[in-house]
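Participant: Here it is, the structure in full.
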Amino acid sequence: MAVTRKPVVEVRRSQRRRRTVSAYRDGERVVVLIPDQFSRAEESEWVDRMLARLAAREGRLARSDAELLARAARLIDLYLTEYGSAAAPASVRWVTNQNGRWGSCTPADRTIRISHRVQDMPDWVIDYVLLHELAHLIVPSHNADFWALVARYPRSERARGYLEGVAATAAIP
């Protein structure tokens with residue numbers, strides 16, 4: 001039986017904050033921002049409430065390899081139907097060792113790896129990265145045929161812009 005520990009909580013009171021309460025993770029601790037006029041009882045109530053919200057959000061964001069494979073199958077059905085098994089990967093998984101790229105594909109063994117950095121991004125960005133790698137199973141290079149396959153995804157340009165913005169912010173090539 002796994003025991004879950006309550007995280008270290010830092011409460012920051014603000015005289016400028018009137019009604020809103022927010023919380024975020026800072027490493028291993030949770031920072032909760034509350035109005036200065038809250039009583040100790042209100043503080044305690046809001047800390048518990050915000051810890052529950054963070055846990056719920058993090059639970060939603062925990063994406064599994066199985067979910068990623070199911071997402072790949074859905075994308076194949078939507079955008080690469082005519083390629084059938086040629087577009088089907090042998091495996092799709094999240095990896096933590098890709099910090100300079102969003103995903104990678106090895107057509108020889110039909111494996112796709114998606115960087116863990118993409119996990120918290122919007123679904124339409126994850127779909128783009130995954131479809132990009134699925135297209136490599138059909139066209140290994142970045143030629144015109146490859147980009148024509150990727151362009152079938154209606155949000156491809158938007159997703160590329162999103163990823164370029166994230167990379168520029170993080171100074172990732």
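Chains: A, B, ... in order of the structure tokens. Residues: from 1 per chain. Ligands: from 1, in order shown.
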For A:Ala148, work out the shell of residues within 12 Å, counting only C-alpha atoms and skipping chain neighbours fewer than 6 positions away, then give it as a list of chain:residue names.
Facilitator: A:Tyr79, A:Leu80, A:Leu131, A:His132, A:Ala135, A:His136, A:Ile138, A:Val139, A:His142, A:Pro154, A:Ser156
Participant: Give me the residues within 7 Å of stretch 66-73 of chain A as a list in words, counting only C-alpha atoms and dropping any in the same chain fewer than 5 places off.
Facilitator: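 So, after excluding close chain neighbours, the residues are Val92, Arg93 and Leu130 of chain A.
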Participant: Using only C-alpha atoms, I'd like a table of the residues in stretch 36-76 of chain A that come within 9 Å of stretch 15-29 of chain A; for each, show the closest atom pair and its distance in Å rounded to one decimal, ordered by chain and ascending number, as a Markdown table.
Facilitator:
| residue | atom | partner | partner_atom | distance |
| --- | --- | --- | --- | --- |
| A:Asp36 | CA | A:Gln15 | CA | 5.1 |
| A:Gln37 | CA | A:Gln15 | CA | 7.5 |
| A:Trp46 | CA | A:Val21 | CA | 7.6 |
| A:Val47 | CA | A:Ala23 | CA | 8.5 |
| A:Met50 | CA | A:Ala23 | CA | 6.2 |
| A:Leu51 | CA | A:Ala23 | CA | 7.9 |
| A:Arg53 | CA | A:Ala23 | CA | 8.8 |
| A:Leu54 | CA | A:Tyr24 | CA | 7.5 |
Participant: Using only C-alpha atoms, please write the residues we just selected to a file, as a PDB file, in the first residue's frame.
Facilitator:
ATOM      1  CA  ASP A  36      -4.079  38.917   3.321  1.00  0.00           C
ATOM      2  CA  GLN A  37      -7.455  39.367   5.037  1.00  0.00           C
ATOM      3  CA  TRP A  46      -8.309  27.103   0.771  1.00  0.00           C
ATOM      4  CA  VAL A  47      -5.007  25.237   1.130  1.00  0.00           C
ATOM      5  CA  MET A  50      -6.081  24.079  -3.829  1.00  0.00           C
ATOM      6  CA  LEU A  51      -4.129  20.895  -3.059  1.00  0.00           C
ATOM      7  CA  ARG A  53      -7.317  21.024  -7.481  1.00  0.00           C
ATOM      8  CA  LEU A  54      -3.611  20.568  -8.175  1.00  0.00           C
TER       9      LEU A  54
END
Participant: Go through A:Leu137, A:Val30, A:Ile112, A:Leu75 one by one, measure the shortest atom-to-atom distance of each to A:Ala52 using only C-alpha atoms, and give the residue with the smallest value.
Facilitator: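 Smallest separation from A:Ala52 among the options: A:Val30.
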Participant: How far is it from atom CA of A:Thr96 to atom CA of A:Pro122, in Å with one decimal?
Facilitator: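 Interatomic distance, atom CA of A:Thr96 to atom CA of A:Pro122: 18.4 Å.
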Participant: Please return as JSON, numbers by chain: the residues of chain A that backbone DSSP assigns to helix (DSSP H, G or I).
Facilitator: {"A": [40, 41, 42, 43, 44, 45, 46, 47, 48, 49, 50, 51, 52, 53, 54, 55, 56, 57, 58, 59, 60, 61, 65, 66, 67, 68, 69, 70, 71, 72, 73, 74, 75, 76, 77, 78, 79, 81, 82, 83, 84, 85, 86, 87, 116, 117, 118, 123, 124, 125, 126, 127, 128, 129, 130, 131, 132, 133, 134, 135, 136, 137, 138, 144, 145, 146, 147, 148, 149, 150, 156, 157, 158, 159, 160, 161, 162, 163, 164, 165, 166, 167, 168, 169, 170]}
Participant: Name the residues in contact with A:Tyr128 at a cut-off of 10 Å, using only C-alpha atoms, excluding same-chain residues fewer than 4 positions from it; report them as a PyMOL selection string.
Facilitator: chain A and resi 75+123-124+132-134+150-151+153-160+163
Participant: Among chain A, which ones does DSSP place in strand (DSSP E), written as an MDAnalysis selection string?
Facilitator: chainID A and resid 8:14 22:26 29:35 91:95 103:106 111:115
Participant: Which residue, A:Ile126, A:Val118, A:Ala86, A:Val95, has the smallest gap to A:Ala167 when you use only C-alpha atoms?
Facilitator: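 Once distances to A:Ala167 are computed over only C-alpha atoms, the minimum belongs to A:Val118.
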Participant: Leaving out A:Glu164 and any residue of its chain fewer than 5 positions from it, which residues lie within 12 Å of it when counting only C-alpha atoms, given as a list in words?
Facilitator: Arg101, Trp102, Val125, Glu157, Arg158, Ala159, Thr169, Ala170, Ala171, Ile172 and Pro173 of chain A
Participant: In Å to one decimal, how far is atom CA of A:Ala88 from atom CA of A:Ile76?
Facilitator: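 Calculated distance between atom CA of A:Ile76 and atom CA of A:Ala88 is 7.4 Å.
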